[in-house]
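Have a look at the structure below, then the notes.
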Amino acid sequence: AQSVAQPEDQVNVAEGNPLTVKCTYSVSGNPYLFWYVQYPNRGLQFLLKYITGDNLVKGSYGFEAEFNKSQTSFHLKKPSALVSDSALYFCAVSPVGGSASKIIFGSGTRLSIRP
Amino acid sequence: NAGVMQNPRHLVRRRGQEARLRCSPMKGHSHVYWYRQLPEEGLKFMVYLQKENIIDESGMPKERFSAEFPKEGPSILRIQQVVRGDSAAYFCASSPTGGHTDTQYFGPGTRLTVL
């Protein structure tokens, strides 16, 4: 079965420090991977995606993610955290094969940035 | 260019009533997806539609739930005879082509509360 795991329910980081939000995946074939952010009482906002090519993907708001095939990971990173980055982050995979329909989401990681 | 629109944003129903949730995709998008999010959980795929067609409803409960995306007008997610367990946030997303690598853009969601 194809799946996405976010091993940390919560990540706490001081403002100005680098942050990492972890994601691992299990898919057959080449994965298409996404990161979304959700602010309170809002919908999901697209941050970035990996389809093919360079393993380091740059996205919105200074975020980037590194695709690591050997470790089946797609961790989200930012060099210097802002208080405004505090939100719920979801890693997701678009399964290859079958109906090109659903995105499978991880359970989410709550990122809290303290001033 | 307006984003994905959903209404109502909040909906309160008593057990046994019907709930109708509406979604207007982004301009130029003809592929619509519905997801359900329970509190503190990730999004779970429900159904994928193109204009006048249901493409994948593998995540939709077999009873009481239905979805449509008519030629004219918004997509509708309909829940008949609601129960307390239907209380959740329902998100709609749209994409231009429906391919595996497509980015899905999400609406702000409808929060359904069943009393």
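For the structure tokens, the naming scheme is as follows: chains receive sequential letters (A, B, ...) according to their order of presentation, residues are indexed from 1 within each chain, and ligands are indexed from 1 in presentation order.
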- Excluding same-chain residues fewer than 6 positions from segment 19-22 of chain A, what lies within 6 Å of it counting only C-alpha atoms, as a PyMOL selection string? chain A and resi 6+75-78
Discussion item. Can you work out which residues from chain A touch chain B at a cut-off of 12 Å (counting only C-alpha atoms) and hand them back as a PyMOL selection string?
Written reply: chain A and resi 4-6+9-10+30-52+88-110
From segment 10-95 of chain B, collect each residue whose DSSP state is strand (DSSP E) and return the set as JSON, numbers by chain.
{"B": [10, 11, 12, 13, 19, 20, 21, 22, 23, 24, 31, 32, 33, 34, 35, 36, 37, 43, 44, 45, 46, 47, 48, 49, 50, 53, 54, 55, 56, 65, 66, 67, 68, 75, 76, 77, 78, 79, 88, 89, 90, 91, 92, 93, 94, 95]}
note - atom CA of Ser73 of chain A and atom CA of Ser28 of chain A are separated by 14.0 Å
| request: Please provide the set of residues having any atom within 8 Å of Ser26 of chain A, restricted to only C-alpha atoms, with same-chain residues fewer than 2 positions apart removed, written as an NGL selection string. | output: :A and (1-4 or 24 or 28 or 72)
message: At a cut-off of 12 Å, using only C-alpha atoms, what residues contact Pro115 of chain A? Leave out same-chain residues fewer than 3 positions from it and give the result as a PyMOL selection string.
response: chain A and resi 12-17+81-86+112
Generate the output file for the selected residues, N, CA, C and O atoms, as a PDB file, in the first residue's frame.
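And here's result18.pdb as it stands now:
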ATOM      1  N   ASN A  12       8.978  21.998  17.704  1.00  0.00           N
ATOM      2  CA  ASN A  12       9.133  23.314  18.318  1.00  0.00           C
ATOM      3  C   ASN A  12      10.515  23.872  17.992  1.00  0.00           C
ATOM      4  O   ASN A  12      11.527  23.208  18.206  1.00  0.00           O
ATOM      5  N   VAL A  13      10.531  25.100  17.490  1.00  0.00           N
ATOM      6  CA  VAL A  13      11.790  25.725  17.069  1.00  0.00           C
ATOM      7  C   VAL A  13      11.787  27.189  17.502  1.00  0.00           C
ATOM      8  O   VAL A  13      10.736  27.843  17.481  1.00  0.00           O
ATOM      9  N   ALA A  14      12.939  27.680  17.880  1.00  0.00           N
ATOM     10  CA  ALA A  14      13.056  29.107  18.205  1.00  0.00           C
ATOM     11  C   ALA A  14      13.185  29.913  16.919  1.00  0.00           C
ATOM     12  O   ALA A  14      13.798  29.467  15.931  1.00  0.00           O
ATOM     13  N   GLU A  15      12.601  31.082  16.946  1.00  0.00           N
ATOM     14  CA  GLU A  15      12.663  31.964  15.775  1.00  0.00           C
ATOM     15  C   GLU A  15      14.116  32.223  15.391  1.00  0.00           C
ATOM     16  O   GLU A  15      14.974  32.445  16.253  1.00  0.00           O
ATOM     17  N   GLY A  16      14.378  32.164  14.092  1.00  0.00           N
ATOM     18  CA  GLY A  16      15.730  32.395  13.602  1.00  0.00           C
ATOM     19  C   GLY A  16      16.542  31.123  13.432  1.00  0.00           C
ATOM     20  O   GLY A  16      17.557  31.122  12.715  1.00  0.00           O
ATOM     21  N   ASN A  17      16.108  30.056  14.072  1.00  0.00           N
ATOM     22  CA  ASN A  17      16.814  28.771  13.948  1.00  0.00           C
ATOM     23  C   ASN A  17      16.317  28.020  12.717  1.00  0.00           C
ATOM     24  O   ASN A  17      15.196  28.241  12.258  1.00  0.00           O
ATOM     25  N   ALA A  81      13.657  30.134  10.815  1.00  0.00           N
ATOM     26  CA  ALA A  81      12.208  30.077  11.069  1.00  0.00           C
ATOM     27  C   ALA A  81      11.659  31.440  11.487  1.00  0.00           C
ATOM     28  O   ALA A  81      12.334  32.233  12.165  1.00  0.00           O
ATOM     29  N   LEU A  82      10.404  31.669  11.103  1.00  0.00           N
ATOM     30  CA  LEU A  82       9.671  32.855  11.516  1.00  0.00           C
ATOM     31  C   LEU A  82       8.484  32.443  12.383  1.00  0.00           C
ATOM     32  O   LEU A  82       7.922  31.359  12.188  1.00  0.00           O
ATOM     33  N   VAL A  83       8.074  33.321  13.286  1.00  0.00           N
ATOM     34  CA  VAL A  83       6.897  33.021  14.104  1.00  0.00           C
ATOM     35  C   VAL A  83       5.687  32.743  13.211  1.00  0.00           C
ATOM     36  O   VAL A  83       4.857  31.866  13.501  1.00  0.00           O
ATOM     37  N   SER A  84       5.606  33.440  12.101  1.00  0.00           N
ATOM     38  CA  SER A  84       4.480  33.279  11.179  1.00  0.00           C
ATOM     39  C   SER A  84       4.480  31.925  10.463  1.00  0.00           C
ATOM     40  O   SER A  84       3.499  31.586   9.785  1.00  0.00           O
ATOM     41  N   ASP A  85       5.547  31.156  10.603  1.00  0.00           N
ATOM     42  CA  ASP A  85       5.575  29.808  10.025  1.00  0.00           C
ATOM     43  C   ASP A  85       4.792  28.808  10.877  1.00  0.00           C
ATOM     44  O   ASP A  85       4.582  27.663  10.454  1.00  0.00           O
ATOM     45  N   SER A  86       4.393  29.210  12.052  1.00  0.00           N
ATOM     46  CA  SER A  86       3.635  28.316  12.940  1.00  0.00           C
ATOM     47  C   SER A  86       2.332  27.903  12.266  1.00  0.00           C
ATOM     48  O   SER A  86       1.493  28.746  11.929  1.00  0.00           O
ATOM     49  N   SER A 112       5.586  24.825  15.702  1.00  0.00           N
ATOM     50  CA  SER A 112       5.421  25.951  16.609  1.00  0.00           C
ATOM     51  C   SER A 112       6.747  26.698  16.699  1.00  0.00           C
ATOM     52  O   SER A 112       7.763  26.117  17.113  1.00  0.00           O
TER      53      SER A 112
END
Exercise. Compile the contact shell of Ser24 of chain B as a count of residues only: residues with an atom at most 7 Å away, counting only C-alpha atoms, same-chain residues fewer than 3 positions apart removed.
Key: 5
Write out as a ChimeraX atom specification each polymer residue whose atoms come within 9 Å of Phe69 of chain B, counting only C-alpha atoms; drop sequence neighbours fewer than 2 positions from it. /B:32,49-54,67,71-77
* Name all residues at most 7 Å from Met26 of chain B (count only C-alpha atoms; drop same-chain ones fewer than 3 positions away) and give them as a list in words. =>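 The residues satisfying every condition are Ala2, Gly3, Val4, His29 and Ser94 of chain B.
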